[in-house]
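Everything on this sheet refers to the single structure shown next.
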Amino acid sequence: MSMIRDLRAAVRPSLRKSSTPYNGYDTTRDPSASSAVVDCAVYRDGRRLESTACLTPHEAMLRVREGGGFAWIGLHEPTEAEFAGIAAEFGLHPLAVEDAVHAHQRPKLERYDDTLFTVFKTIHYVEHAELTATSEVVETGEVMCFTGRDFVITVRHGGKGSLRALRHGLQKDAELLSKGPSAVLHAIADHVVDGYIAVAEAVQDDIDEVEIDVFSAPAKGSPRGGDAGRIYQLKREVLEFKRAVSPLLRPMQLLSERPMRLVDPDIQKYFRDVADHLARVQEEVIGFDELLNSILQANLAQATVAQNEDMRKITSWAAIIAVPTAVCGIYGMNFDHMPELKWKYGYPLVLTGIAVVCFAIHRTLKRNGWL
């Protein structure tokens with residue numbers, strides 16, 4: 001178990017603090033070569049054979065069949081034509097090949113003869129100075145993994161989620177890598193789930209920020225409750241996060257509970273740890289969704305209360321203005337016999353009466369919180 005923890009410490013991403021630009025897989029292949037294959041190596045007894053630095057997938061498999069070990073081939077967004085030769089070489093199922101080429105797949109685990117096909121959704125936190133109604137919070141990618149008895153093929157889609165650090169970490173641990181392709185599959189699953197944990201922590205900070213804005217006293221002149229658009233946008237991003245996490249839980253449980261010929265028994269128990277971490281992230285994401293629902297409802301309730309307060313103020317002033325309007329309307333009628341029309345103090349008395357009544361109404365409404 002300590003061996004796995006050390007590996008995690010080596011490959012765990014730091015999504016909120018890292019500023020290193022993406023530079024793809026680590027590869028010793030000719031960078032001028034036009035190919036979706038970005039790394040191809042043969043591993044024997046837990047170590048990478050240096051003599052396989054520039055091999056093609058076909059040559060790598062010849063080395064494996066001659067001397068044992070397994071081949072790990074990494075691809076980035078291959079086209080159908082680029083992937084066709086590899087699919088034929090390794091006997092990959094057409095349905096799995098189609099999914100791997102076209103991407104946008106749901107996380108899943110499928111078995112085709114002697115090959116396991118696993119789809120992972122990678123999540124990357126997008127740094128932003130300030131959360132707005134149009135901010136992108138999470139960016140998704142995909143990693144597909146074909147696992148056979150003597151090969152691993154990883155197909156990556158998206159500009160993030162490089163497996164370079166993961167490959168380096170595994171190459172430093174010969175004991176773990178000697179377990180074969182299933183060790184690589186576990187390391188990829190663990191790497192992806194560790195990314196989920198880091199993103200969950202970052203999203204929690206954004207939710208805390210929105211929650212503080214909604215429930216804190218608003219600044220003078222600013223709308224109470226903050227911007228509902230920010231809350232709704234964050235909720236949409238959390239939903240995208242949820243779509244990556246939730247479907248993956250069942251495949252991880254299957255890998256940890258069901259004996260499989262392609263998964264080493266010593267590696268299988270570590271999938272249980274990955275499944276536990278994934279279950280924890282799923283609970284957090286579900287909690288995020290429910291919390292954002294509550295925050296959004298509170299924001300809408302505060303907006304409604306603010307509108308009611310405005311309506312009460314308008315109604316209060318309308319009630320005050322109604323007094324002089326009514327009196328002036330009455331004395332504006334053209335009748336010959338009206339009280340106090342000929343009295344010298346009639347006009348100031350009416351004005352004084354209007355002022356007294358308006359002041360009394362204003363004081364009463366002020367005391368009741370309407371003004």
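Following the order of the structure tokens, first chain is A, next is B, and so on, with residues numbered from 1 inside each chain and ligands from 1 in the order they appear.
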Could you pull the residues within 7 Å of Val137 of chain A, counting only C-alpha atoms, minus those fewer than 2 positions along the same chain, as a compact mmCIF listing (two decimals) with all heavy atoms, in the first residue's frame?
# COMPACT_ATOMS: atom_id res chain seq x y z
N TYR A 125 -9.40 21.80 -13.99
CA TYR A 125 -9.96 23.04 -13.45
C TYR A 125 -9.40 24.23 -14.22
O TYR A 125 -8.18 24.36 -14.39
CB TYR A 125 -9.63 23.15 -11.97
CG TYR A 125 -10.19 24.40 -11.32
CD1 TYR A 125 -11.53 24.48 -10.98
CD2 TYR A 125 -9.37 25.50 -11.07
CE1 TYR A 125 -12.05 25.62 -10.39
CE2 TYR A 125 -9.88 26.64 -10.48
CZ TYR A 125 -11.22 26.69 -10.14
OH TYR A 125 -11.74 27.83 -9.57
N VAL A 126 -10.26 25.10 -14.67
CA VAL A 126 -9.86 26.27 -15.44
C VAL A 126 -9.72 27.45 -14.48
O VAL A 126 -10.70 27.89 -13.86
CB VAL A 126 -10.89 26.60 -16.54
CG1 VAL A 126 -10.45 27.84 -17.33
CG2 VAL A 126 -11.07 25.41 -17.47
N SER A 135 -18.04 32.19 -17.11
CA SER A 135 -16.76 31.55 -16.79
C SER A 135 -16.83 30.05 -17.04
O SER A 135 -17.80 29.39 -16.69
CB SER A 135 -16.39 31.80 -15.32
OG SER A 135 -16.14 33.17 -15.08
N GLU A 139 -12.84 21.84 -17.57
CA GLU A 139 -12.63 21.44 -18.97
C GLU A 139 -12.45 19.92 -19.00
O GLU A 139 -11.68 19.37 -18.21
CB GLU A 139 -11.39 22.14 -19.53
CG GLU A 139 -11.10 21.81 -20.98
CD GLU A 139 -9.85 22.51 -21.48
OE1 GLU A 139 -9.34 23.39 -20.77
OE2 GLU A 139 -9.37 22.16 -22.58
N GLU A 237 -21.47 23.73 -14.72
CA GLU A 237 -20.13 23.14 -14.69
C GLU A 237 -20.07 21.95 -13.74
O GLU A 237 -19.40 20.95 -14.02
CB GLU A 237 -19.10 24.20 -14.28
CG GLU A 237 -18.99 25.37 -15.27
CD GLU A 237 -18.48 24.92 -16.63
OE1 GLU A 237 -17.38 24.38 -16.71
OE2 GLU A 237 -19.22 25.11 -17.62
Neighbours of Pro247 of chain A within 10 Å (only C-alpha atoms; same-chain residues fewer than 6 positions away dropped), as a VMD selection string?
chain A and resid 106 to 109 120 to 121 282
Write a file of the just-selected residues containing all heavy atoms, as a PDB file, in the first residue's frame.
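Dumped everything to selection-v6.pdb:
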ATOM      1  N   ARG A 106     -19.272   8.005 -22.878  1.00  0.00           N
ATOM      2  CA  ARG A 106     -19.588   7.937 -21.461  1.00  0.00           C
ATOM      3  C   ARG A 106     -18.562   7.028 -20.775  1.00  0.00           C
ATOM      4  O   ARG A 106     -18.174   6.013 -21.341  1.00  0.00           O
ATOM      5  CB  ARG A 106     -20.993   7.355 -21.291  1.00  0.00           C
ATOM      6  CG  ARG A 106     -21.559   7.377 -19.890  1.00  0.00           C
ATOM      7  CD  ARG A 106     -23.005   6.903 -19.949  1.00  0.00           C
ATOM      8  NE  ARG A 106     -23.647   6.992 -18.656  1.00  0.00           N
ATOM      9  CZ  ARG A 106     -23.713   6.013 -17.774  1.00  0.00           C
ATOM     10  NH1 ARG A 106     -23.139   4.839 -18.061  1.00  0.00           N
ATOM     11  NH2 ARG A 106     -24.332   6.169 -16.619  1.00  0.00           N
ATOM     12  N   PRO A 107     -18.076   7.377 -19.567  1.00  0.00           N
ATOM     13  CA  PRO A 107     -17.145   6.480 -18.866  1.00  0.00           C
ATOM     14  C   PRO A 107     -17.729   5.080 -18.726  1.00  0.00           C
ATOM     15  O   PRO A 107     -18.888   4.910 -18.330  1.00  0.00           O
ATOM     16  CB  PRO A 107     -16.994   7.154 -17.501  1.00  0.00           C
ATOM     17  CG  PRO A 107     -17.229   8.606 -17.775  1.00  0.00           C
ATOM     18  CD  PRO A 107     -18.302   8.633 -18.830  1.00  0.00           C
ATOM     19  N   LYS A 108     -16.917   4.070 -19.066  1.00  0.00           N
ATOM     20  CA  LYS A 108     -17.448   2.705 -19.075  1.00  0.00           C
ATOM     21  C   LYS A 108     -16.305   1.706 -19.079  1.00  0.00           C
ATOM     22  O   LYS A 108     -15.127   2.049 -19.282  1.00  0.00           O
ATOM     23  CB  LYS A 108     -18.330   2.484 -20.303  1.00  0.00           C
ATOM     24  CG  LYS A 108     -17.617   2.699 -21.639  1.00  0.00           C
ATOM     25  CD  LYS A 108     -18.575   2.558 -22.810  1.00  0.00           C
ATOM     26  CE  LYS A 108     -17.874   2.820 -24.143  1.00  0.00           C
ATOM     27  NZ  LYS A 108     -18.788   2.678 -25.290  1.00  0.00           N
ATOM     28  N   LEU A 109     -16.684   0.442 -18.868  1.00  0.00           N
ATOM     29  CA  LEU A 109     -15.752  -0.683 -18.944  1.00  0.00           C
ATOM     30  C   LEU A 109     -16.423  -1.772 -19.764  1.00  0.00           C
ATOM     31  O   LEU A 109     -17.516  -2.221 -19.419  1.00  0.00           O
ATOM     32  CB  LEU A 109     -15.413  -1.203 -17.545  1.00  0.00           C
ATOM     33  CG  LEU A 109     -14.618  -2.514 -17.486  1.00  0.00           C
ATOM     34  CD1 LEU A 109     -13.216  -2.318 -18.064  1.00  0.00           C
ATOM     35  CD2 LEU A 109     -14.544  -3.040 -16.055  1.00  0.00           C
ATOM     36  N   PHE A 120     -12.245   6.800 -19.631  1.00  0.00           N
ATOM     37  CA  PHE A 120     -12.173   7.725 -18.497  1.00  0.00           C
ATOM     38  C   PHE A 120     -12.430   9.137 -19.003  1.00  0.00           C
ATOM     39  O   PHE A 120     -11.937   9.522 -20.057  1.00  0.00           O
ATOM     40  CB  PHE A 120     -10.792   7.687 -17.833  1.00  0.00           C
ATOM     41  CG  PHE A 120     -10.397   6.348 -17.292  1.00  0.00           C
ATOM     42  CD1 PHE A 120      -9.628   5.477 -18.065  1.00  0.00           C
ATOM     43  CD2 PHE A 120     -10.765   5.957 -16.023  1.00  0.00           C
ATOM     44  CE1 PHE A 120      -9.242   4.243 -17.572  1.00  0.00           C
ATOM     45  CE2 PHE A 120     -10.383   4.723 -15.519  1.00  0.00           C
ATOM     46  CZ  PHE A 120      -9.628   3.858 -16.300  1.00  0.00           C
ATOM     47  N   LYS A 121     -13.176   9.897 -18.235  1.00  0.00           N
ATOM     48  CA  LYS A 121     -13.333  11.325 -18.494  1.00  0.00           C
ATOM     49  C   LYS A 121     -12.358  12.077 -17.597  1.00  0.00           C
ATOM     50  O   LYS A 121     -12.410  11.958 -16.377  1.00  0.00           O
ATOM     51  CB  LYS A 121     -14.762  11.778 -18.173  1.00  0.00           C
ATOM     52  CG  LYS A 121     -15.792  11.453 -19.228  1.00  0.00           C
ATOM     53  CD  LYS A 121     -15.788  12.480 -20.343  1.00  0.00           C
ATOM     54  CE  LYS A 121     -16.991  12.275 -21.261  1.00  0.00           C
ATOM     55  NZ  LYS A 121     -16.994  13.266 -22.358  1.00  0.00           N
ATOM     56  N   GLN A 282     -17.881  11.408  -5.769  1.00  0.00           N
ATOM     57  CA  GLN A 282     -19.263  11.422  -6.227  1.00  0.00           C
ATOM     58  C   GLN A 282     -20.184  12.032  -5.179  1.00  0.00           C
ATOM     59  O   GLN A 282     -21.067  12.842  -5.495  1.00  0.00           O
ATOM     60  CB  GLN A 282     -19.727  10.006  -6.564  1.00  0.00           C
ATOM     61  CG  GLN A 282     -21.141   9.951  -7.149  1.00  0.00           C
ATOM     62  CD  GLN A 282     -21.646   8.529  -7.277  1.00  0.00           C
ATOM     63  OE1 GLN A 282     -21.347   7.686  -6.442  1.00  0.00           O
ATOM     64  NE2 GLN A 282     -22.428   8.266  -8.315  1.00  0.00           N
TER      65      GLN A 282
END
Would you compute the distance between atom CA of Gly46 of chain A and atom CA of Thr115 of chain A? Give it in Å to one decimal.
21.0 Å
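For the pair atom CA of Lys235 of chain A and atom CA of Arg156 of chain A, the interatomic distance is 26.7 Å.
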Residue among A:Leu62, A:Ile330, A:Val281, A:Leu177 lying closest to Asp266 of chain A, counting only C-alpha atoms
A:Leu177
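Checking A:Ala301, A:Leu351, A:Thr147, A:Ile231 one by one against Thr325 of chain A, counting only C-alpha atoms, you find the shortest gap at A:Leu351.
Ranking A:Trp72, A:Phe151, A:Phe83, A:Phe90 by their shortest atom-to-atom distance to Gln171 of chain A, with only C-alpha atoms included, puts A:Trp72 first.
Take the candidates A:Tyr347, A:Phe215, A:Phe241, A:Tyr232 and check each one against Gly195 of chain A using only C-alpha atoms; the shortest distance goes to A:Phe241.
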From segment 147-315 of chain A, collect each residue whose DSSP state is helix (DSSP H, G or I) and return the set as a count of residues only.
128
Go through A:Arg167, A:Ser182, A:Leu92, A:Gly74 and flag the residue nearest Val155 of chain A, using only C-alpha atoms for the distances.
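When distances to Val155 of chain A are compared using only C-alpha atoms, the smallest one comes from A:Gly74.
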Work out how far atom CA of Arg149 of chain A is from atom CA of Pro94 of chain A, in Å to one decimal.
18.8 Å
With only C-alpha atoms as the basis for distance, which of A:Gln204, A:Thr118, A:Asn299, A:Thr56 is at the shortest distance from Leu255 of chain A?
A:Thr118
If you run DSSP on this backbone, which residues of segment 7-254 of chain A come out as strand (DSSP E or B), and could you give them as a PyMOL selection string?
chain A and resi 37-44+47-48+70-76+108-112+115-125+138-147+151-157
Determine, using only C-alpha atoms, which residues of segment 216-320 of chain A have any atom at most 12 Å from an atom of segment 358-367 of chain A, and tabulate each with its shortest atom pair and distance in Å to one decimal place, rows ordered by chain and then rising number, as JSON lines.
{"residue": "A:Arg312", "atom": "CA", "partner": "A:Leu365", "partner_atom": "CA", "distance": 9.5}
{"residue": "A:Lys313", "atom": "CA", "partner": "A:Leu365", "partner_atom": "CA", "distance": 9.2}
{"residue": "A:Ile314", "atom": "CA", "partner": "A:Leu365", "partner_atom": "CA", "distance": 11.6}
{"residue": "A:Thr315", "atom": "CA", "partner": "A:Leu365", "partner_atom": "CA", "distance": 10.2}
{"residue": "A:Ser316", "atom": "CA", "partner": "A:Leu365", "partner_atom": "CA", "distance": 6.9}
{"residue": "A:Trp317", "atom": "CA", "partner": "A:His362", "partner_atom": "CA", "distance": 8.1}
{"residue": "A:Ala318", "atom": "CA", "partner": "A:His362", "partner_atom": "CA", "distance": 10.8}
{"residue": "A:Ala319", "atom": "CA", "partner": "A:Ile361", "partner_atom": "CA", "distance": 7.9}
{"residue": "A:Ile320", "atom": "CA", "partner": "A:Cys358", "partner_atom": "CA", "distance": 5.4}
With a distance cut-off of 9 Å and only C-alpha atoms, select the neighbouring residues of Leu116 of chain A, excluding the residue or stretch itself and same-chain residues fewer than 2 positions from it, and output the selection as a PDB file with all heavy atoms, in the first residue's frame.
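Output below, filename part12.pdb:
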ATOM      1  N   LEU A 109     -16.684   0.442 -18.868  1.00  0.00           N
ATOM      2  CA  LEU A 109     -15.752  -0.683 -18.944  1.00  0.00           C
ATOM      3  C   LEU A 109     -16.423  -1.772 -19.764  1.00  0.00           C
ATOM      4  O   LEU A 109     -17.516  -2.221 -19.419  1.00  0.00           O
ATOM      5  CB  LEU A 109     -15.413  -1.203 -17.545  1.00  0.00           C
ATOM      6  CG  LEU A 109     -14.618  -2.514 -17.486  1.00  0.00           C
ATOM      7  CD1 LEU A 109     -13.216  -2.318 -18.064  1.00  0.00           C
ATOM      8  CD2 LEU A 109     -14.544  -3.040 -16.055  1.00  0.00           C
ATOM      9  N   GLU A 110     -15.772  -2.186 -20.855  1.00  0.00           N
ATOM     10  CA  GLU A 110     -16.319  -3.222 -21.717  1.00  0.00           C
ATOM     11  C   GLU A 110     -15.242  -4.266 -21.996  1.00  0.00           C
ATOM     12  O   GLU A 110     -14.053  -3.935 -22.052  1.00  0.00           O
ATOM     13  CB  GLU A 110     -16.821  -2.625 -23.042  1.00  0.00           C
ATOM     14  CG  GLU A 110     -17.998  -1.677 -22.871  1.00  0.00           C
ATOM     15  CD  GLU A 110     -18.442  -1.062 -24.189  1.00  0.00           C
ATOM     16  OE1 GLU A 110     -17.627  -1.117 -25.151  1.00  0.00           O
ATOM     17  OE2 GLU A 110     -19.558  -0.536 -24.264  1.00  0.00           O
ATOM     18  N   ARG A 111     -15.676  -5.482 -22.187  1.00  0.00           N
ATOM     19  CA  ARG A 111     -14.741  -6.568 -22.486  1.00  0.00           C
ATOM     20  C   ARG A 111     -15.023  -7.105 -23.880  1.00  0.00           C
ATOM     21  O   ARG A 111     -16.165  -7.454 -24.203  1.00  0.00           O
ATOM     22  CB  ARG A 111     -14.861  -7.690 -21.457  1.00  0.00           C
ATOM     23  CG  ARG A 111     -13.910  -8.839 -21.722  1.00  0.00           C
ATOM     24  CD  ARG A 111     -13.927  -9.852 -20.608  1.00  0.00           C
ATOM     25  NE  ARG A 111     -13.035 -10.981 -20.901  1.00  0.00           N
ATOM     26  CZ  ARG A 111     -12.804 -11.975 -20.061  1.00  0.00           C
ATOM     27  NH1 ARG A 111     -13.384 -11.986 -18.872  1.00  0.00           N
ATOM     28  NH2 ARG A 111     -11.992 -12.947 -20.406  1.00  0.00           N
ATOM     29  N   TYR A 112     -14.002  -7.150 -24.705  1.00  0.00           N
ATOM     30  CA  TYR A 112     -14.085  -7.711 -26.045  1.00  0.00           C
ATOM     31  C   TYR A 112     -13.048  -8.835 -26.142  1.00  0.00           C
ATOM     32  O   TYR A 112     -11.836  -8.557 -26.219  1.00  0.00           O
ATOM     33  CB  TYR A 112     -13.806  -6.650 -27.104  1.00  0.00           C
ATOM     34  CG  TYR A 112     -14.814  -5.525 -27.140  1.00  0.00           C
ATOM     35  CD1 TYR A 112     -14.558  -4.314 -26.503  1.00  0.00           C
ATOM     36  CD2 TYR A 112     -16.030  -5.667 -27.809  1.00  0.00           C
ATOM     37  CE1 TYR A 112     -15.474  -3.269 -26.543  1.00  0.00           C
ATOM     38  CE2 TYR A 112     -16.954  -4.637 -27.854  1.00  0.00           C
ATOM     39  CZ  TYR A 112     -16.671  -3.445 -27.224  1.00  0.00           C
ATOM     40  OH  TYR A 112     -17.589  -2.426 -27.261  1.00  0.00           O
ATOM     41  N   ASP A 113     -13.506 -10.067 -26.075  1.00  0.00           N
ATOM     42  CA  ASP A 113     -12.605 -11.230 -26.131  1.00  0.00           C
ATOM     43  C   ASP A 113     -11.529 -11.105 -25.041  1.00  0.00           C
ATOM     44  O   ASP A 113     -11.835 -11.107 -23.867  1.00  0.00           O
ATOM     45  CB  ASP A 113     -11.996 -11.367 -27.524  1.00  0.00           C
ATOM     46  CG  ASP A 113     -13.067 -11.566 -28.593  1.00  0.00           C
ATOM     47  OD1 ASP A 113     -14.083 -12.221 -28.270  1.00  0.00           O
ATOM     48  OD2 ASP A 113     -12.898 -11.057 -29.711  1.00  0.00           O
ATOM     49  N   ASP A 114     -10.269 -10.959 -25.445  1.00  0.00           N
ATOM     50  CA  ASP A 114      -9.168 -10.874 -24.485  1.00  0.00           C
ATOM     51  C   ASP A 114      -8.682  -9.437 -24.298  1.00  0.00           C
ATOM     52  O   ASP A 114      -7.506  -9.198 -23.990  1.00  0.00           O
ATOM     53  CB  ASP A 114      -7.994 -11.749 -24.943  1.00  0.00           C
ATOM     54  CG  ASP A 114      -8.323 -13.230 -24.834  1.00  0.00           C
ATOM     55  OD1 ASP A 114      -9.148 -13.582 -23.966  1.00  0.00           O
ATOM     56  OD2 ASP A 114      -7.760 -14.020 -25.613  1.00  0.00           O
ATOM     57  N   THR A 118     -11.604   0.536 -21.566  1.00  0.00           N
ATOM     58  CA  THR A 118     -12.036   1.415 -20.477  1.00  0.00           C
ATOM     59  C   THR A 118     -12.005   2.857 -20.947  1.00  0.00           C
ATOM     60  O   THR A 118     -11.045   3.294 -21.605  1.00  0.00           O
ATOM     61  CB  THR A 118     -11.110   1.265 -19.257  1.00  0.00           C
ATOM     62  OG1 THR A 118     -10.873  -0.125 -19.002  1.00  0.00           O
ATOM     63  CG2 THR A 118     -11.738   1.892 -18.025  1.00  0.00           C
ATOM     64  N   CYS A 145      -8.500   3.339 -22.787  1.00  0.00           N
ATOM     65  CA  CYS A 145      -7.421   2.399 -22.505  1.00  0.00           C
ATOM     66  C   CYS A 145      -7.807   1.003 -22.981  1.00  0.00           C
ATOM     67  O   CYS A 145      -8.808   0.437 -22.516  1.00  0.00           O
ATOM     68  CB  CYS A 145      -7.114   2.383 -21.013  1.00  0.00           C
ATOM     69  SG  CYS A 145      -5.682   1.391 -20.580  1.00  0.00           S
ATOM     70  N   PHE A 146      -7.042   0.457 -23.926  1.00  0.00           N
ATOM     71  CA  PHE A 146      -7.180  -0.934 -24.350  1.00  0.00           C
ATOM     72  C   PHE A 146      -6.146  -1.753 -23.568  1.00  0.00           C
ATOM     73  O   PHE A 146      -4.945  -1.500 -23.691  1.00  0.00           O
ATOM     74  CB  PHE A 146      -6.917  -1.074 -25.847  1.00  0.00           C
ATOM     75  CG  PHE A 146      -7.928  -0.397 -26.728  1.00  0.00           C
ATOM     76  CD1 PHE A 146      -7.762   0.932 -27.098  1.00  0.00           C
ATOM     77  CD2 PHE A 146      -9.040  -1.088 -27.193  1.00  0.00           C
ATOM     78  CE1 PHE A 146      -8.688   1.558 -27.921  1.00  0.00           C
ATOM     79  CE2 PHE A 146      -9.965  -0.465 -28.016  1.00  0.00           C
ATOM     80  CZ  PHE A 146      -9.798   0.855 -28.376  1.00  0.00           C
ATOM     81  N   THR A 147      -6.607  -2.713 -22.799  1.00  0.00           N
ATOM     82  CA  THR A 147      -5.715  -3.526 -21.972  1.00  0.00           C
ATOM     83  C   THR A 147      -5.791  -4.978 -22.407  1.00  0.00           C
ATOM     84  O   THR A 147      -6.865  -5.593 -22.369  1.00  0.00           O
ATOM     85  CB  THR A 147      -6.102  -3.422 -20.488  1.00  0.00           C
ATOM     86  OG1 THR A 147      -6.202  -2.042 -20.113  1.00  0.00           O
ATOM     87  CG2 THR A 147      -5.062  -4.111 -19.606  1.00  0.00           C
ATOM     88  N   GLY A 148      -4.674  -5.511 -22.843  1.00  0.00           N
ATOM     89  CA  GLY A 148      -4.589  -6.917 -23.225  1.00  0.00           C
ATOM     90  C   GLY A 148      -3.593  -7.651 -22.356  1.00  0.00           C
ATOM     91  O   GLY A 148      -3.073  -7.112 -21.370  1.00  0.00           O
ATOM     92  N   LEU A 262      -7.394 -10.597 -17.098  1.00  0.00           N
ATOM     93  CA  LEU A 262      -6.485  -9.559 -17.561  1.00  0.00           C
ATOM     94  C   LEU A 262      -6.013  -8.645 -16.435  1.00  0.00           C
ATOM     95  O   LEU A 262      -5.208  -7.740 -16.681  1.00  0.00           O
ATOM     96  CB  LEU A 262      -7.165  -8.721 -18.645  1.00  0.00           C
ATOM     97  CG  LEU A 262      -7.543  -9.483 -19.920  1.00  0.00           C
ATOM     98  CD1 LEU A 262      -8.342  -8.596 -20.858  1.00  0.00           C
ATOM     99  CD2 LEU A 262      -6.305 -10.019 -20.621  1.00  0.00           C
TER     100      LEU A 262
END
